[in-house]
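Next up, structure.csv (CSV, C-alpha atoms and all ligand atoms):
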```
chain,number,residue,atom,x,y,z
A,1,MET,CA,10.8,10.9,-28.7
A,2,THR,CA,9.7,11.3,-25.1
A,3,ASP,CA,10.3,8.6,-22.5
A,4,MET,CA,6.8,7.7,-21.2
A,5,SER,CA,8.1,6.9,-17.7
A,6,SER,CA,9.5,10.4,-17.2
A,7,THR,CA,6.6,12.5,-18.4
A,8,GLN,CA,3.3,13.3,-16.7
A,9,ALA,CA,0.5,11.1,-18.1
A,10,THR,CA,-2.3,13.0,-19.8
A,11,PRO,CA,-5.6,11.5,-18.5
A,12,SER,CA,-6.1,9.6,-21.8
A,13,ASP,CA,-2.8,7.7,-21.3
A,14,ILE,CA,-4.0,6.2,-18.1
A,15,PRO,CA,-6.0,3.3,-19.4
A,16,ALA,CA,-3.2,2.3,-21.7
A,17,ARG,CA,-0.6,2.6,-18.9
A,18,LEU,CA,-2.8,0.5,-16.6
A,19,GLN,CA,-3.2,-2.2,-19.2
A,20,LEU,CA,0.5,-2.3,-19.7
A,21,VAL,CA,1.2,-2.6,-16.0
A,22,ARG,CA,-1.4,-5.4,-15.7
A,23,GLN,CA,0.3,-7.2,-18.6
A,24,GLU,CA,3.7,-6.9,-17.0
A,25,MET,CA,2.2,-8.2,-13.7
A,26,ALA,CA,0.8,-11.2,-15.6
A,27,LEU,CA,4.1,-11.9,-17.2
A,28,ALA,CA,6.0,-11.7,-13.9
A,29,ALA,CA,3.4,-14.0,-12.3
A,30,GLU,CA,3.7,-16.5,-15.1
A,31,ALA,CA,7.5,-16.4,-14.9
A,32,ALA,CA,7.3,-17.0,-11.1
A,33,GLY,CA,4.7,-19.9,-11.5
A,34,ARG,CA,2.1,-17.9,-9.7
A,35,ASP,CA,-1.6,-17.2,-10.4
A,36,VAL,CA,-1.9,-13.5,-11.3
A,37,HIS,CA,-5.2,-13.5,-9.4
A,38,SER,CA,-3.3,-14.1,-6.2
A,39,MET,CA,-2.0,-10.5,-6.3
A,40,LYS,CA,-3.6,-7.1,-6.5
A,41,LEU,CA,-2.5,-3.8,-8.0
A,42,VAL,CA,-2.7,-0.8,-5.7
A,43,ALA,CA,-2.7,2.3,-7.9
A,44,VAL,CA,-0.9,4.9,-5.8
A,45,ALA,CA,-2.7,8.2,-6.5
A,46,LYS,CA,-0.8,10.6,-4.3
A,47,THR,CA,-0.6,14.1,-5.9
A,48,VAL,CA,-2.9,12.7,-8.7
A,49,PRO,CA,-6.0,14.9,-9.3
A,50,VAL,CA,-9.5,13.5,-9.1
A,51,PRO,CA,-10.2,13.5,-12.9
A,52,ALA,CA,-7.1,11.3,-13.5
A,53,ILE,CA,-8.2,9.0,-10.8
A,54,GLU,CA,-11.7,8.8,-12.5
A,55,GLU,CA,-9.9,7.7,-15.7
A,56,ALA,CA,-8.3,4.8,-13.8
A,57,ILE,CA,-11.6,3.9,-12.2
A,58,GLY,CA,-13.2,4.0,-15.7
A,59,ALA,CA,-10.6,1.6,-16.9
A,60,GLY,CA,-11.6,-0.9,-14.2
A,61,GLN,CA,-9.1,-0.1,-11.4
A,62,ARG,CA,-10.6,-0.5,-8.0
A,63,VAL,CA,-7.7,-0.6,-5.5
A,64,PHE,CA,-6.0,2.7,-4.8
A,65,GLY,CA,-3.4,4.0,-2.4
A,66,GLU,CA,-2.7,7.3,-0.8
A,67,ASN,CA,0.2,8.3,1.4
A,68,ARG,CA,-1.3,11.3,3.2
A,69,VAL,CA,-4.5,11.2,5.3
A,70,GLN,CA,-5.2,14.9,4.6
A,71,GLU,CA,-4.9,14.6,0.8
A,72,ALA,CA,-7.0,11.4,0.8
A,73,HIS,CA,-9.6,13.1,2.9
A,74,ALA,CA,-9.9,15.8,0.3
A,75,LYS,CA,-10.2,13.4,-2.6
A,76,TRP,CA,-11.8,10.2,-1.6
A,77,PRO,CA,-15.1,10.6,0.3
A,78,ALA,CA,-16.8,11.8,-2.9
A,79,LEU,CA,-15.1,9.3,-5.1
A,80,LYS,CA,-16.1,6.5,-2.7
A,81,GLU,CA,-19.7,7.7,-2.8
A,82,ARG,CA,-19.8,7.5,-6.5
A,83,HIS,CA,-17.9,4.2,-6.7
A,84,THR,CA,-18.9,2.0,-3.8
A,85,ASP,CA,-16.6,-0.9,-4.5
A,86,ILE,CA,-13.3,1.0,-4.1
A,87,GLU,CA,-10.6,-0.4,-1.8
A,88,LEU,CA,-8.5,2.4,-0.4
A,89,HIS,CA,-5.1,1.7,1.2
A,90,LEU,CA,-3.0,4.1,3.4
A,91,VAL,CA,0.6,3.5,2.4
A,92,GLY,CA,2.2,6.5,4.1
A,93,PRO,CA,2.9,7.4,7.8
A,94,LEU,CA,-0.1,7.7,10.2
A,95,GLN,CA,0.1,10.1,13.1
A,96,SER,CA,-2.0,9.2,16.1
A,97,ASN,CA,-4.0,12.4,15.8
A,98,LYS,CA,-5.2,11.4,12.3
A,99,VAL,CA,-6.4,7.9,13.4
A,100,ARG,CA,-10.0,8.9,13.5
A,101,GLU,CA,-10.0,10.2,9.9
A,102,ALA,CA,-7.9,7.2,8.7
A,103,VAL,CA,-10.2,4.6,10.2
A,104,ALA,CA,-13.2,6.3,8.7
A,105,LEU,CA,-11.7,6.5,5.2
A,106,PHE,CA,-9.3,3.6,4.6
A,107,ASP,CA,-10.1,0.0,4.0
A,108,VAL,CA,-6.5,-1.1,4.5
A,109,ILE,CA,-3.9,0.6,6.7
A,110,GLU,CA,-0.5,-0.7,5.6
A,111,THR,CA,1.7,1.4,8.0
A,112,VAL,CA,1.1,0.2,11.5
A,113,ASP,CA,4.5,0.5,13.1
A,114,ARG,CA,4.4,1.5,16.8
A,115,PRO,CA,2.5,0.6,20.0
A,116,LYS,CA,1.0,4.1,20.5
A,117,LEU,CA,-0.5,3.9,17.0
A,118,ALA,CA,-1.7,0.3,17.5
A,119,ARG,CA,-3.5,1.4,20.7
A,120,ALA,CA,-5.1,4.4,19.1
A,121,LEU,CA,-6.3,2.3,16.2
A,122,ALA,CA,-7.7,-0.3,18.5
A,123,GLU,CA,-9.6,2.3,20.5
A,124,GLU,CA,-11.0,3.9,17.4
A,125,MET,CA,-12.0,0.5,15.9
A,126,VAL,CA,-13.9,-0.4,19.0
A,127,ARG,CA,-15.5,3.1,19.2
A,128,THR,CA,-16.8,3.0,15.6
A,129,ALA,CA,-17.0,-0.7,14.8
A,130,LYS,CA,-15.2,0.1,11.6
A,131,ARG,CA,-12.4,-2.4,11.0
A,132,PRO,CA,-9.9,-1.5,8.3
A,133,ARG,CA,-7.5,-4.4,7.5
A,134,LEU,CA,-4.1,-3.8,9.0
A,135,PHE,CA,-0.5,-4.5,7.8
A,136,VAL,CA,2.7,-3.7,9.6
A,137,GLN,CA,5.4,-1.7,7.9
A,138,VAL,CA,8.8,-3.2,8.3
A,139,ASN,CA,12.0,-1.2,8.1
A,140,THR,CA,13.9,-3.9,6.3
A,141,GLY,CA,16.9,-1.7,5.6
A,142,GLU,CA,17.0,-0.6,9.3
A,143,GLU,CA,17.3,3.0,8.1
A,144,ALA,CA,17.3,5.5,10.9
A,145,GLN,CA,15.0,8.1,9.1
A,146,LYS,CA,12.5,5.5,7.8
A,147,ALA,CA,9.3,4.4,9.4
A,148,GLY,CA,8.6,0.8,10.2
A,149,VAL,CA,9.4,-1.9,12.8
A,150,ALA,CA,12.9,-3.3,12.8
A,151,PRO,CA,12.9,-7.0,11.6
A,152,GLY,CA,14.2,-8.1,15.0
A,153,GLU,CA,11.3,-6.5,16.9
A,154,LEU,CA,8.6,-7.6,14.5
A,155,ALA,CA,7.4,-10.8,16.3
A,156,ASP,CA,7.0,-9.0,19.6
A,157,PHE,CA,5.2,-6.1,18.0
A,158,ILE,CA,2.7,-8.3,16.3
A,159,ALA,CA,2.1,-10.3,19.5
A,160,LEU,CA,1.5,-7.0,21.3
A,161,CYS,CA,-1.0,-5.9,18.6
A,162,ARG,CA,-2.8,-9.2,18.9
A,163,ASP,CA,-2.7,-9.9,22.6
A,164,THR,CA,-2.8,-6.4,24.1
A,165,PHE,CA,-4.8,-4.5,21.6
A,166,GLY,CA,-6.9,-7.3,19.9
A,167,LEU,CA,-5.7,-6.2,16.5
A,168,ALA,CA,-5.5,-8.9,13.7
A,169,ILE,CA,-2.5,-8.1,11.5
A,170,GLU,CA,-2.9,-9.6,8.1
A,171,GLY,CA,0.3,-8.7,6.4
A,172,LEU,CA,3.6,-6.8,6.0
A,173,MET,CA,4.7,-4.0,3.8
A,174,CYS,CA,8.2,-2.5,3.1
A,175,ILE,CA,9.8,0.3,1.2
A,176,PRO,CA,13.4,-0.9,0.4
A,177,PRO,CA,16.2,1.7,0.7
A,178,PHE,CA,16.2,3.3,-2.7
A,179,ASP,CA,19.9,2.9,-3.3
A,180,GLU,CA,20.0,-0.8,-2.7
A,181,GLU,CA,19.1,-3.9,-4.7
A,182,PRO,CA,15.5,-4.5,-3.6
A,183,ALA,CA,15.5,-8.3,-4.0
A,184,MET,CA,17.1,-8.9,-0.6
A,185,HIS,CA,14.5,-6.7,1.1
A,186,PHE,CA,11.7,-8.5,-0.7
A,187,ALA,CA,13.2,-11.9,0.3
A,188,LEU,CA,13.5,-10.8,3.9
A,189,LEU,CA,9.9,-9.5,4.1
A,190,ALA,CA,8.6,-12.8,2.6
A,191,LYS,CA,10.6,-14.8,5.1
A,192,LEU,CA,9.2,-12.8,8.0
A,193,ALA,CA,5.6,-13.2,6.8
A,194,ASP,CA,6.2,-16.9,6.4
A,195,GLN,CA,7.6,-17.2,9.9
A,196,LEU,CA,4.8,-15.2,11.4
A,197,GLU,CA,2.1,-16.9,9.3
A,198,LEU,CA,0.9,-13.6,7.7
A,199,ARG,CA,-0.8,-13.9,4.4
A,200,GLU,CA,-0.3,-10.5,2.7
A,201,LEU,CA,2.9,-9.0,1.4
A,202,SER,CA,2.8,-5.4,0.1
A,203,MET,CA,6.0,-4.8,-1.8
A,204,GLY,CA,7.1,-3.6,-5.2
A,205,MET,CA,6.7,-0.2,-6.8
A,206,SER,CA,6.9,1.1,-10.5
A,207,GLY,CA,10.6,0.2,-10.8
A,208,ASP,CA,10.7,-3.2,-9.2
A,209,PHE,CA,7.2,-4.8,-9.1
A,210,ALA,CA,8.1,-7.7,-11.3
A,211,ARG,CA,10.9,-8.5,-8.9
A,212,ALA,CA,8.5,-8.3,-5.9
A,213,ILE,CA,6.1,-10.6,-7.6
A,214,SER,CA,8.9,-13.2,-8.0
A,215,PHE,CA,9.3,-13.0,-4.2
A,216,GLY,CA,5.7,-13.5,-3.4
A,217,ALA,CA,4.1,-10.0,-3.4
A,218,THR,CA,0.3,-10.1,-2.9
A,219,TYR,CA,0.0,-6.3,-3.4
A,220,VAL,CA,2.2,-4.2,-5.6
A,221,ARG,CA,1.9,-0.4,-5.1
A,222,ILE,CA,2.4,1.4,-8.4
A,223,GLY,CA,2.1,5.2,-9.0
A,224,THR,CA,4.4,6.6,-11.7
A,225,ALA,CA,4.0,3.7,-14.2
A,226,ILE,CA,0.2,4.4,-14.2
A,227,PHE,CA,-0.2,8.2,-13.6
A,228,GLY,CA,3.2,9.5,-14.9
A,229,GLU,CA,5.9,11.4,-13.1
A,230,ARG,CA,4.7,13.4,-10.0
A,231,ALA,CA,5.2,17.1,-10.1
B,1,LIG,C1,4.6,6.8,-4.0
B,1,LIG,C2,4.6,5.4,-3.4
B,1,LIG,C3,4.5,4.3,-4.2
B,1,LIG,C4,4.5,4.3,-5.7
B,1,LIG,O1,5.8,4.6,-6.1
B,1,LIG,P1,6.0,4.7,-7.7
B,1,LIG,O2,7.5,4.6,-7.8
B,1,LIG,O3,5.5,6.0,-8.2
B,1,LIG,O4,5.3,3.6,-8.3
B,1,LIG,C5,4.5,3.0,-3.5
B,1,LIG,N1,4.5,2.9,-2.2
B,1,LIG,C6,4.6,4.0,-1.4
B,1,LIG,C7,4.6,3.8,0.1
B,1,LIG,C8,4.6,5.3,-1.9
B,1,LIG,O5,4.7,6.4,-1.1
```
Before we go any further, please render this structure as structure tokens.
Ligand SMILES: *Cc1c(COP(=O)(O)O)cnc(C)c1O
Amino acid sequence: MTDMSSTQATPSDIPARLQLVRQEMALAAEAAGRDVHSMKLVAVAKTVPVPAIEEAIGAGQRVFGENRVQEAHAKWPALKERHTDIELHLVGPLQSNKVREAVALFDVIETVDRPKLARALAEEMVRTAKRPRLFVQVNTGEEAQKAGVAPGELADFIALCRDTFGLAIEGLMCIPPFDEEPAMHFALLAKLADQLELRELSMGMSGDFARAISFGATYVRIGTAIFGERA
């Protein structure tokens, strides 16, 4: 027997895997006393080829994530033309020199994390009148190598985004350290969002999304459980 979670999904598995993930989300929501409609599934399609993405779209999935601007730019303009109701999220790091492409392509940018990037986004949004929704990435584990704003600097950063750059930040996202219990990171992100009166919480991946839902996630970002192991 093969373990489904450790093999690459063939395209025909994708609708079944999606349905399973949606069922697990509904169960986790019910266990947490939450309405499943108060949260969205972001299908993270990094490294996933277009035909497999089309399978997910065919199964009703509309919210997708990518972690690289370049890869997203190669895959999504044509997909978005064919399916006009797609909501595309950037969940990976954004370099200032990719801001133009990112603002043109993404509906939600989840990884705002430094003043220089906030300034570049603000300028591009004014220039083009395109307004992707913005979340701030928080480095909840304060890991030196990881992107994101330190929890202690978050309030000032969000005030800077708002007051200096005119950017409305709608939510927070985090990627917990992978060798730690994620619950404390989800709890911290939820507490910060509550203090700062931010509505959206992007947290939880294939291995821990039920946990994230119990802590209030409004977006869970799931790749492997839908599309199979990445090459
Ligand atoms: C790849 C990725 C995910 C999805 O991870 P899985 O474990 O495959 O579900 C979620 N968030 C970010 C930021 C990612 O890069």
- Identify, counting all atoms listed in the file, the protein, DNA and RNA residues located within 8 Å of ligand LIG 1 (chain B), and give them as a PyMOL selection string. chain A and resi 43-46+65-67+91-92+174-175+203-207+220-226+228-230
- Message: Neighbouring residues of stretch 105-122 of chain A were defined as those with any atom within 9 Å, considering only C-alpha atoms; residues of the same chain fewer than 6 positions away were excluded. Please report them as an NGL selection string.
- Response: :A and (69 or 72-73 or 76-77 or 86-97 or 99 or 131-138 or 147-149 or 157 or 160-161 or 164-167 or 171-173 or 202)
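Coordinates place atom CA of A:Ile158 at a distance of 23.7 Å from atom CA of A:Lys40.
Each of A:Leu192, A:Arg62, A:Leu18, A:Ala183 was checked against A:Glu153 using all atoms listed in the file; the smallest atom-to-atom distance is that of A:Leu192.
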- Item | All residues 12 Å or closer to A:Arg22, only C-alpha atoms, same chain fewer than 3 positions away omitted, as a count of residues only | 27
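The space between atom CA of A:Ala212 and atom CA of A:Asp13 spans 24.9 Å.
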